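What's in final_24.txt: compact mmCIF, C-alpha atoms
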```txt
# COMPACT_ATOMS: atom_id res chain seq x y z
CA MET A 24 0.00 0.00 0.00
CA SER A 25 2.79 2.37 0.99
CA VAL A 26 4.63 1.54 -2.28
CA ILE A 27 1.58 2.59 -4.32
CA LYS A 28 1.34 5.83 -2.38
CA PHE A 29 5.04 6.50 -2.98
CA LYS A 30 4.59 5.91 -6.72
CA HIS A 31 1.71 8.39 -6.84
CA PHE A 32 3.73 10.90 -4.90
CA ALA A 33 6.73 10.50 -7.23
CA PHE A 34 4.45 10.87 -10.26
CA ILE A 35 2.82 14.07 -8.98
CA ILE A 36 6.10 15.70 -7.96
CA THR A 37 7.86 14.81 -11.23
CA SER A 38 4.93 16.00 -13.32
CA CYS A 39 4.83 19.33 -11.52
CA ILE A 40 8.57 19.89 -11.89
CA SER A 41 8.52 18.92 -15.57
CA ALA A 42 5.55 21.18 -16.32
CA LEU A 43 7.26 24.09 -14.54
CA LEU A 44 10.45 23.52 -16.54
CA ALA A 45 8.49 23.47 -19.80
CA ILE A 46 6.67 26.70 -18.92
CA SER A 47 9.86 28.47 -17.88
CA SER A 48 11.65 27.39 -21.07
CA SER A 49 8.84 28.77 -23.23
CA PHE A 50 9.18 32.17 -21.54
CA ALA A 51 12.99 32.11 -21.47
CA ALA A 52 14.99 34.83 -23.21
CA PRO A 53 16.03 34.07 -26.80
CA GLN A 54 19.41 32.35 -27.20
CA GLU A 55 22.50 34.30 -28.15
CA SER A 56 23.45 34.16 -31.78
CA VAL A 57 26.72 34.52 -33.64
CA LEU A 58 27.29 36.15 -37.01
CA ILE A 59 29.52 34.12 -39.27
CA GLU A 60 30.88 35.45 -42.52
CA ILE A 61 32.64 33.13 -44.92
CA ARG A 62 34.52 34.29 -47.96
CA ALA A 63 35.69 31.67 -50.42
CA ILE A 64 38.67 32.73 -52.49
CA LYS A 65 40.15 30.86 -55.40
CA ALA A 66 43.94 31.02 -55.35
CA THR A 67 45.98 30.21 -58.43
CA ASN A 68 49.51 30.46 -59.63
CA VAL A 69 49.63 32.53 -62.73
CA SER A 70 52.78 32.74 -64.79
CA GLY A 71 54.50 36.09 -65.26
CA ALA A 72 53.36 36.17 -68.88
CA GLU A 73 49.74 36.63 -67.83
CA ARG A 74 50.30 40.11 -66.53
CA VAL A 75 46.70 41.13 -67.17
CA SER A 76 45.43 38.51 -64.73
CA LEU A 77 47.98 39.51 -62.11
CA ALA A 78 47.01 43.15 -62.40
CA ALA A 79 43.33 42.19 -62.05
CA SER A 80 44.16 40.13 -58.99
CA GLU A 81 45.98 43.07 -57.42
CA ARG A 82 42.98 45.27 -58.05
CA GLU A 83 40.68 42.68 -56.50
CA LEU A 84 42.91 42.41 -53.46
CA GLU A 85 42.63 46.17 -53.05
CA SER A 86 38.83 46.03 -53.22
CA PRO A 87 36.88 46.47 -49.96
CA ALA A 88 35.78 42.82 -50.08
CA MET A 89 39.33 41.54 -49.77
CA SER A 90 41.57 44.39 -48.70
CA ASP A 91 41.68 43.19 -45.08
CA LEU A 92 43.01 39.80 -46.25
CA LYS A 93 45.74 41.10 -48.52
CA LYS A 94 48.63 40.71 -46.09
CA LYS A 95 47.57 37.23 -45.05
CA LEU A 96 46.98 36.01 -48.58
CA LYS A 97 50.38 37.29 -49.68
CA LYS A 98 51.96 34.68 -47.40
CA LEU A 99 50.60 31.89 -49.53
CA LYS A 100 52.43 30.43 -52.49
CA TYR A 101 49.84 31.76 -54.96
CA ASN A 102 49.94 35.04 -56.83
CA HIS A 103 46.37 35.34 -58.11
CA PHE A 104 43.31 35.56 -55.89
CA SER A 105 39.67 35.97 -56.83
CA LEU A 106 36.66 36.10 -54.57
CA VAL A 107 34.33 33.22 -55.43
CA SER A 108 31.58 33.71 -52.87
CA LYS A 109 30.71 35.62 -49.74
CA GLN A 110 28.07 34.28 -47.41
CA GLU A 111 26.83 35.47 -44.07
CA ARG A 112 24.85 33.49 -41.56
CA GLU A 113 23.45 34.30 -38.16
CA VAL A 114 23.48 31.12 -36.12
CA GLN A 115 22.21 30.54 -32.62
CA LEU A 116 24.55 29.02 -30.08
CA ASN A 117 24.61 25.24 -30.28
CA SER A 118 22.82 25.26 -33.62
CA ARG A 119 24.42 23.81 -36.68
CA ASP A 120 24.48 25.38 -40.10
CA THR A 121 26.00 24.32 -43.39
CA ILE A 122 27.27 26.37 -46.29
CA THR A 123 27.95 24.95 -49.73
CA LEU A 124 31.05 26.43 -51.33
CA ALA A 125 32.61 26.13 -54.77
CA ASP A 126 33.43 22.72 -56.28
CA GLY A 127 31.21 20.77 -53.90
CA ASN A 128 33.06 21.90 -50.78
CA VAL A 129 30.82 22.01 -47.73
CA LEU A 130 31.47 23.88 -44.51
CA SER A 131 29.47 22.97 -41.42
CA PHE A 132 29.78 24.96 -38.24
CA ARG A 133 28.27 25.21 -34.83
CA PRO A 134 28.95 28.04 -32.40
CA ILE A 135 29.37 26.46 -28.99
CA SER A 136 29.87 29.35 -26.61
CA LYS A 137 30.33 33.08 -26.62
CA ASP A 138 32.27 34.84 -23.92
CA LYS A 139 33.26 38.45 -23.61
CA ASP A 140 35.99 38.34 -26.25
CA LYS A 141 36.13 34.68 -27.31
CA ILE A 142 33.80 32.63 -29.42
CA CYS A 143 34.13 28.86 -29.39
CA ILE A 144 33.11 27.21 -32.63
CA TRP A 145 33.20 23.79 -34.22
CA LEU A 146 34.12 23.75 -37.91
CA ASN A 147 33.95 20.88 -40.34
CA TRP A 148 35.09 21.34 -43.92
CA LYS A 149 34.56 18.53 -46.40
CA ASP A 150 35.59 18.69 -50.02
CA GLY A 151 33.56 17.47 -53.01
CA LYS A 152 34.89 13.94 -52.60
CA GLY A 153 33.98 13.75 -48.93
CA MET A 154 37.54 14.19 -47.70
CA ASN A 155 37.71 15.62 -44.22
CA VAL A 156 39.72 18.73 -44.99
CA LEU A 157 39.43 20.20 -41.54
CA ASP A 158 37.52 19.15 -38.47
CA THR A 159 38.30 21.34 -35.51
CA ARG A 160 37.06 23.17 -32.48
CA LEU A 161 38.68 26.52 -31.83
CA HIS A 162 38.24 29.79 -30.00
CA PHE A 163 38.12 32.95 -32.05
CA ALA A 164 39.19 36.25 -30.71
CA ASP A 165 36.34 38.63 -31.44
CA GLY A 166 36.85 40.49 -34.71
CA GLU A 167 39.68 38.29 -35.97
CA THR A 168 39.65 36.63 -39.36
CA MET A 169 40.71 33.04 -39.63
CA ILE A 170 42.30 32.00 -42.88
CA THR A 171 42.35 28.38 -43.88
CA GLY A 172 42.85 26.74 -47.21
CA MET A 173 43.51 23.62 -49.19
CA ASP A 174 45.38 22.94 -52.41
CA SER A 175 42.96 21.57 -55.00
CA ASP A 176 45.81 20.76 -57.35
CA PRO A 177 49.47 21.87 -57.62
CA SER A 178 48.58 25.28 -59.04
CA THR A 179 45.15 25.97 -57.51
CA GLY A 180 43.84 26.30 -54.02
CA LEU A 181 40.67 27.25 -52.20
CA VAL A 182 41.04 29.71 -49.35
CA LEU A 183 38.36 30.38 -46.74
CA ALA A 184 38.34 33.54 -44.71
CA ILE A 185 36.10 33.05 -41.69
CA ASP A 186 34.93 35.92 -39.53
CA VAL A 187 32.97 35.31 -36.39
CA LYS A 188 31.27 38.13 -34.51
CA MET B 12 48.36 -38.75 9.11
CA ASP B 13 51.61 -38.95 7.16
CA THR B 14 50.93 -35.56 5.66
CA LYS B 15 50.45 -34.12 9.10
CA ASN B 16 53.77 -35.55 10.24
CA ALA B 17 55.50 -34.24 7.15
CA LYS B 18 54.10 -30.78 7.85
CA ASN B 19 55.30 -31.00 11.42
CA ASN B 20 58.77 -32.10 10.27
CA ASN B 21 59.04 -29.11 7.96
CA ARG B 22 58.30 -26.70 10.75
CA PRO B 23 61.33 -25.56 12.76
CA SER B 24 61.22 -26.77 16.31
CA PHE B 25 61.46 -24.49 19.31
CA LEU B 26 65.18 -25.22 19.66
CA GLU B 27 65.82 -24.54 15.96
CA LYS B 28 64.03 -21.20 16.22
CA LEU B 29 66.14 -20.41 19.26
CA MET B 30 69.32 -21.38 17.40
CA LEU B 31 68.40 -19.10 14.49
CA ARG B 32 67.77 -16.21 16.85
CA VAL B 33 71.14 -16.80 18.55
CA VAL B 34 73.00 -17.08 15.22
CA ASP B 35 71.35 -13.92 13.93
CA GLY B 36 72.22 -12.12 17.15
CA GLU B 37 68.58 -11.51 18.04
CA ALA B 38 68.42 -13.69 21.14
CA THR B 39 68.33 -12.34 24.67
CA ALA B 40 70.99 -13.25 27.22
CA LEU B 41 68.68 -15.75 28.87
CA GLU B 42 67.92 -17.45 25.54
CA SER B 43 71.67 -17.73 24.80
CA VAL B 44 72.26 -19.37 28.18
CA VAL B 45 69.41 -21.81 27.63
CA LEU B 46 70.82 -22.79 24.24
CA LYS B 47 74.33 -23.24 25.62
CA VAL B 48 73.03 -25.57 28.33
CA ALA B 49 70.96 -27.50 25.77
CA SER B 50 73.92 -27.91 23.38
CA LYS B 51 76.14 -29.18 26.23
CA MET B 52 73.51 -31.67 27.31
CA ASN B 53 72.61 -32.87 23.77
CA PRO B 54 75.31 -33.36 21.07
CA ALA B 55 72.64 -33.31 18.29
CA VAL B 56 71.69 -29.77 19.32
CA SER B 57 75.34 -28.82 19.36
CA SER B 58 75.97 -30.13 15.81
CA ARG B 59 72.79 -28.48 14.53
CA LEU B 60 73.89 -25.17 16.02
CA GLU B 61 77.26 -25.57 14.36
CA ASP B 62 75.54 -26.15 11.00
CA PHE B 63 73.59 -22.94 11.40
CA GLN B 64 76.74 -21.03 12.28
CA LYS B 65 78.53 -22.43 9.22
CA VAL B 66 75.69 -21.32 6.96
CA ASN B 67 75.69 -17.91 8.59
CA ARG B 68 79.46 -17.53 8.11
CA HIS B 69 79.14 -18.58 4.48
CA LEU B 70 76.36 -16.10 3.86
CA SER B 71 78.34 -13.28 5.44
CA THR B 72 81.22 -13.89 3.01
CA LEU B 73 78.95 -13.30 -0.02
CA LYS B 74 79.16 -9.82 -1.52
CA PRO B 75 75.98 -8.06 -2.67
CA GLU B 76 75.62 -8.43 -6.41
CA ARG B 77 74.75 -5.38 -8.48
CA VAL B 78 71.55 -5.76 -10.49
CA SER B 79 72.14 -5.14 -14.16
CA VAL B 80 68.72 -3.47 -14.64
CA ASP B 81 68.72 0.23 -13.88
CA LEU B 82 65.59 0.41 -11.79
CA TRP B 83 65.56 4.18 -11.53
CA SER B 84 65.63 4.66 -15.30
CA GLN B 85 62.65 2.32 -15.56
CA VAL B 86 60.78 4.25 -12.89
CA GLU B 87 61.65 7.51 -14.59
CA ARG B 88 60.41 6.22 -17.94
CA ARG B 89 57.16 5.05 -16.35
CA ILE B 90 56.61 8.45 -14.75
CA ASP B 91 57.21 10.05 -18.13
CA GLU B 92 54.67 7.73 -19.75
CA GLU B 93 52.13 8.48 -17.04
CA GLU B 94 52.62 12.20 -17.56
CA ARG B 95 52.07 11.80 -21.28
CA SER B 96 48.97 9.72 -20.75
CA ALA B 97 47.70 12.34 -18.32
CA ALA B 98 48.31 15.00 -20.95
CA PHE B 99 46.40 13.06 -23.63
CA LEU B 100 43.76 11.22 -21.64
CA GLY B 101 43.40 13.03 -18.35
CA GLN B 102 44.16 11.83 -14.86
CA ARG B 103 43.72 8.07 -14.39
CA ALA B 104 42.25 8.28 -10.87
CA ALA B 105 39.69 10.87 -11.88
CA ARG B 106 38.41 8.60 -14.65
CA GLU B 107 37.87 5.72 -12.23
CA ALA B 108 36.04 7.98 -9.83
CA GLN B 109 33.84 9.23 -12.66
CA ALA B 110 33.04 5.66 -13.70
CA GLU B 111 31.95 4.80 -10.18
CA GLU B 112 29.87 7.93 -10.02
CA ARG B 113 28.18 7.08 -13.31
CA GLU B 114 27.47 3.55 -12.15
CA SER B 115 25.80 4.71 -8.96
CA PHE B 116 23.85 7.35 -10.88
CA ILE B 117 22.55 4.75 -13.36
CA LYS B 118 21.52 2.50 -10.48
CA HIS B 119 19.70 5.44 -8.96
CA ILE B 120 17.97 6.30 -12.24
CA PHE B 121 16.73 2.77 -12.82
CA ASN B 122 15.11 2.57 -9.44
CA PRO B 123 11.88 0.78 -10.44
CA SER B 124 9.58 2.82 -8.22
CA LEU B 125 10.83 6.17 -9.58
CA PHE B 126 11.19 5.21 -13.21
CA GLY B 127 7.48 4.91 -13.99
CA GLY B 128 6.66 8.24 -12.39
CA MET B 129 9.44 10.04 -14.22
CA ALA B 130 8.46 8.60 -17.60
CA VAL B 131 4.88 9.81 -17.24
CA GLY B 132 6.15 13.14 -15.91
CA LEU B 133 8.33 13.65 -18.96
CA ALA B 134 5.39 12.86 -21.25
CA THR B 135 3.37 15.53 -19.40
CA ALA B 136 6.23 17.98 -19.81
CA GLY B 137 6.30 17.25 -23.54
CA VAL B 138 2.58 17.97 -23.85
CA ALA B 139 2.95 21.20 -21.84
CA PHE B 140 5.89 22.25 -24.04
CA VAL B 141 3.84 21.71 -27.22
CA ILE B 142 0.93 23.70 -25.79
CA PHE B 143 3.03 26.66 -24.70
CA ASN B 144 5.16 26.74 -27.86
CA GLY B 145 2.21 26.42 -30.24
CA GLY B 146 3.24 23.00 -31.59
CA ILE B 147 6.36 21.70 -33.27
CA SER B 148 6.67 22.31 -36.98
CA SER B 149 8.32 19.77 -39.23
CA GLY B 150 11.17 22.25 -39.88
CA ASP B 151 11.91 22.48 -36.19
CA SER B 152 12.02 18.74 -35.82
CA THR B 153 14.42 18.51 -38.76
CA GLU B 154 16.64 21.09 -37.12
CA VAL B 155 16.56 19.20 -33.84
CA ALA B 156 17.51 16.01 -35.66
CA SER B 157 20.23 17.85 -37.55
CA ASN B 158 21.61 19.32 -34.33
CA THR B 159 21.59 15.92 -32.70
CA ASP B 160 23.44 14.47 -35.68
CA SER B 161 26.05 17.20 -35.67
CA ALA B 162 26.52 16.88 -31.92
CA ALA B 163 27.01 13.15 -32.33
CA GLU B 164 29.43 13.80 -35.18
CA GLU B 165 31.35 16.32 -33.14
CA ILE B 166 31.51 14.02 -30.14
CA ALA B 167 32.54 11.18 -32.40
CA SER B 168 35.37 13.32 -33.74
CA ALA B 169 36.59 14.12 -30.27
CA GLU B 170 36.18 10.53 -29.16
CA HIS B 171 38.06 9.32 -32.21
CA ASN B 172 41.03 11.37 -31.06
CA THR B 173 40.74 10.12 -27.51
CA ALA B 174 40.26 6.53 -28.63
CA GLN B 175 43.30 6.85 -30.85
CA GLY B 176 45.25 8.15 -27.90
CA ILE B 177 44.03 5.31 -25.70
CA ALA B 178 44.86 2.74 -28.36
CA ASN B 179 48.30 4.24 -28.73
CA PHE B 180 49.01 4.40 -25.05
CA VAL B 181 47.45 1.26 -23.63
CA SER B 182 48.93 -1.29 -26.04
CA TYR B 183 52.23 -2.86 -25.05
CA GLY B 184 54.33 -5.59 -26.60
CA GLY B 185 54.60 -6.70 -30.23
CA SER B 186 55.64 -4.77 -33.30
CA ALA B 187 52.16 -3.27 -33.85
CA ALA B 188 52.22 -1.93 -30.31
CA ALA B 189 55.69 -0.51 -30.86
CA LYS B 190 54.40 1.24 -33.96
CA ARG B 191 51.49 2.69 -32.01
CA ARG B 192 53.86 3.87 -29.31
CA GLU B 193 55.90 5.61 -31.97
CA GLN B 194 52.74 7.31 -33.23
CA THR B 195 51.99 8.49 -29.70
CA TYR B 196 55.47 9.92 -29.38
CA GLU B 197 55.01 11.52 -32.79
CA ALA B 198 51.73 13.10 -31.68
CA TYR B 199 53.40 14.25 -28.46
CA ARG B 200 56.27 15.76 -30.44
CA ASN B 201 53.83 17.59 -32.70
CA GLN B 202 51.86 18.90 -29.75
CA ARG B 203 55.15 20.27 -28.46
CA GLN B 204 55.73 21.95 -31.81
CA VAL B 205 52.35 23.63 -31.55
CA ARG B 206 53.28 24.90 -28.10
CA GLU B 207 56.51 26.23 -29.56
CA ILE B 208 54.56 28.06 -32.23
CA ARG B 209 52.38 29.59 -29.55
CA ARG B 210 55.47 30.73 -27.69
CA MET B 211 56.84 32.15 -30.92
CA ASP B 212 53.81 34.33 -31.41
CA LYS B 213 51.60 34.87 -28.41
CA SER B 214 49.10 36.90 -30.38
CA LEU B 215 47.60 33.94 -32.27
CA PRO B 216 44.14 34.95 -33.40
CA PHE B 217 42.63 31.69 -32.18
CA GLU B 218 43.14 28.84 -29.75
CA VAL B 219 42.70 25.29 -30.97
CA ASP B 220 41.05 22.67 -28.73
CA TRP B 221 41.53 19.85 -31.20
CA MET B 222 42.01 19.43 -34.91
CA ARG B 223 41.64 16.56 -37.32
CA SER B 224 42.26 16.30 -41.01
CA ASP B 225 42.66 13.65 -43.68
CA GLY B 226 45.32 15.85 -45.23
CA HIS B 227 48.62 17.28 -44.05
CA VAL B 228 47.98 20.32 -41.85
CA SER B 229 50.47 23.18 -41.69
CA PHE B 230 50.42 26.43 -39.80
CA ILE B 231 51.79 29.15 -42.00
CA GLN B 232 52.84 31.92 -39.72
CA ASP B 233 54.27 35.35 -39.99
CA PRO B 234 55.63 36.29 -36.56
CA ARG B 235 55.89 39.99 -37.42
CA ARG B 236 52.25 40.32 -38.34
CA GLY B 237 50.87 37.97 -35.73
CA SER B 238 48.64 36.02 -38.07
CA THR B 239 48.40 32.35 -38.88
CA VAL B 240 46.97 30.47 -41.83
CA ILE B 241 45.90 26.85 -41.47
CA TRP B 242 46.79 25.14 -44.71
CA VAL B 243 45.79 21.61 -45.66
CA LYS B 244 47.77 19.71 -48.25
CA ARG B 245 45.91 17.01 -50.05
CA GLY B 246 47.51 13.56 -50.33
CA ALA B 247 49.32 13.30 -47.03
CA GLU B 248 52.13 10.78 -46.72
CA ASN B 249 50.20 8.72 -44.19
CA PRO B 250 46.44 9.19 -44.44
CA ASN B 251 45.77 6.86 -41.49
CA ARG B 252 47.87 8.75 -39.03
CA PRO B 253 46.33 10.03 -35.80
CA GLN B 254 45.29 13.60 -35.15
CA LEU B 255 48.22 15.90 -35.63
CA LEU B 256 48.81 19.56 -35.41
CA GLU B 257 51.92 20.09 -37.37
CA ALA B 258 54.13 23.04 -38.02
CA ASP B 259 56.03 23.19 -41.25
CA PRO B 260 59.28 25.01 -40.48
CA ASN B 261 60.04 25.56 -44.16
CA LEU B 262 56.85 27.49 -44.70
CA VAL B 263 57.39 29.54 -41.55
CA GLU B 264 60.93 30.25 -42.69
CA ALA B 265 59.77 31.20 -46.18
CA THR B 266 57.52 33.95 -44.89
CA ARG B 267 60.20 35.71 -42.88
```

How does the structure come out when it is put into structure tokens?
Amino acid sequence: MSVIKFKHFAFIITSCISALLAISSSFAAPQESVLIEIRAIKATNVSGAERVSLAASERELESPAMSDLKKKLKKLKYNHFSLVSKQEREVQLNSRDTITLADGNVLSFRPISKDKDKICIWLNWKDGKGMNVLDTRLHFADGETMITGMDSDPSTGLVLAIDVK
Amino acid sequence: MDTKNAKNNNRPSFLEKLMLRVVDGEATALESVVLKVASKMNPAVSSRLEDFQKVNRHLSTLKPERVSVDLWSQVERRIDEEERSAAFLGQRAAREAQAEERESFIKHIFNPSLFGGMAVGLATAGVAFVIFNGGISSGDSTEVASNTDSAAEEIASAEHNTAQGIANFVSYGGSAAAKRREQTYEAYRNQRQVREIRRMDKSLPFEVDWMRSDGHVSFIQDPRRGSTVIWVKRGAENPNRPQLLEADPNLVEATR
């Protein structure tokens, strides 16, 4: 008899707590979100003879879309850069989003936490053949641009500039 | 009965124990006197005592032999291995404690009297959640599923690294184990390189918790500008290698 009473008691208490949790979650403040901007840049090695292309690349590097990356891109072994795509996503913390890039490359990301000046994010970049190019969890300093890239073939590469705010 | 006698014969008698104490210099003055009297009265006791003294003299002539194995170097190596395992896998004791904690928690959860109540309670909570949120759309459920998948994928990635570390560390003996140990040392060496890079430029724009790639990962760094590019080369030499964060000194040098 006492066991049955205890079961009823446990049921009532658990139901009340669960219902309260559900109500409180429905009125909770909206989750923080993170703004992620991804620029895909095609990097190639152009021979000196193709001066026109090199000049165009220089002009593109000076453009507002890429001027902030110029110094970083100059460190790479390529001499011609062209912006392929620029995508921006606002993602809630702990939500996953996926962006399709050029040549079947896919970038998945999930912001994990956001502190005062650091944003923790999981990134997964897969190429068109399903190769795991990069699978990482890192902490961005607010306002910094992360540059990552992969060589598609000996003379071409795909560079991603990732900004997280 | 014979067995019992044999056992009794193997045991040293009171006199033999006394003789051993006297020979080892542990006997009291009274015990020495008693033994002297006994040996004078009984020639068998006297000869037995002499045997013990001979053995004792022989043993005292032996010099301590040096052991060829350097015990301290073995201990030192073990400490080093433990430190590495702690760096890769966390403290051993803490893991055991966590396992015990989990076990007791699971036992607590599966308490039959509570389980039924909690299941119904959760169902009620689900209904309340649907009512207050105006129902779940199919898009939401897809997102939930997608998030669950990605979480599982992310955890799997992290666990892959840990499992690799465990596999590398725990296995001993055999050529395969030796190879795994080498891989662990390699991973350790590369982790050290990453730390060196961090020391080289403290203003890295990001901190890496873990990183995995099917390619060959390089950090291209320009110390003067304080920026780093993560570059992945396709067609790594060993595609099955464990998680590595690797610095390519040539590339770093080339940017200076």

TODO: May I ask which of the residues A:Ser86, A:Ser38, A:Gln110, A:Ser105 is the closest one to chain B, counting only C-alpha atoms?
DONE: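 Once distances to chain B are computed over only C-alpha atoms, the minimum belongs to A:Ser38.
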
Open item on the list: Quick check: residues of chain A within 7 Å of chain B, all atoms listed in the file, returned as JSON, numbers by chain.
Closed with: {"A": [30, 33, 34, 37, 38, 41, 42, 45, 46, 49, 98, 118, 119, 154, 155, 156, 157, 158, 159, 160, 161, 162, 163, 164, 167, 170, 171, 172, 173, 174]}

Open item on the list: List the spatial neighbours of A:Asp150 as a ChimeraX atom specification - criterion: any atom at most 10 Å away, all atoms listed in the file, same-chain residues fewer than 2 positions off excluded.
Closed with: /A:123-130,148,152-157,173,175

Task: atom CA of A:Val114 to atom CA of A:Ser131, distance in Å rounded to a single decimal - done: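 Taking atom CA of A:Val114 and atom CA of A:Ser131, their separation equals 11.4 Å.
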
Open item on the list: Please report the interatomic distance between atom CA of A:Ser70 and atom CA of A:Lys149 in Å with one decimal.
Closed with: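 Atom CA of A:Lys149 lies 29.5 Å from atom CA of A:Ser70.
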
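Pairwise distance (atom CA of A:Arg112, atom CA of A:Glu60) equals 6.4 Å.
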
- [ ] Could you tell me which of A:Val107, A:Ile59, A:Ile35, A:Ile64 comes closest to A:Lys93 if we count only C-alpha atoms?
- [x]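 Ranking A:Val107, A:Ile59, A:Ile35, A:Ile64 by distance to A:Lys93, first place goes to A:Ile64.
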
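With only C-alpha atoms as the atoms that count, the residue of A:Ser56, A:Asn117, A:Ser108, A:Thr168 with the shortest distance to A:Leu96 is A:Thr168.
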
Task: Expected residue set, 7 Å radius at (35.6, 36.3, -31.1), only C-alpha atoms, as a VMD selection string - done: chain A and resid 140 to 142 163 to 167 187 to 188

TODO: For B:Val34, list every protein, DNA or RNA residue within 8 Å, evaluated using only C-alpha atoms, and leave out those in the same chain fewer than 5 positions away; present the list as an MDAnalysis selection string.
DONE: chainID B and resid 63:64 67

Task: Exercise: residues within 12 Å of coordinate (72.7, -28.4, 20.4), counting only C-alpha atoms, as a PyMOL selection string - done: chain B and resi 25-27+29-31+33+43-64

For stretch 153-169 of chain A, take all atoms listed in the file, fit an axis-aligned box around them, add 6 Å to each of the six sides, then output centre and edge lengths in Å rounded to one decimal, as JSON.
```
{"center_x": 37.3, "center_y": 27.1, "center_z": -39.5, "size_x": 18.7, "size_y": 38.7, "size_z": 30.9}
```
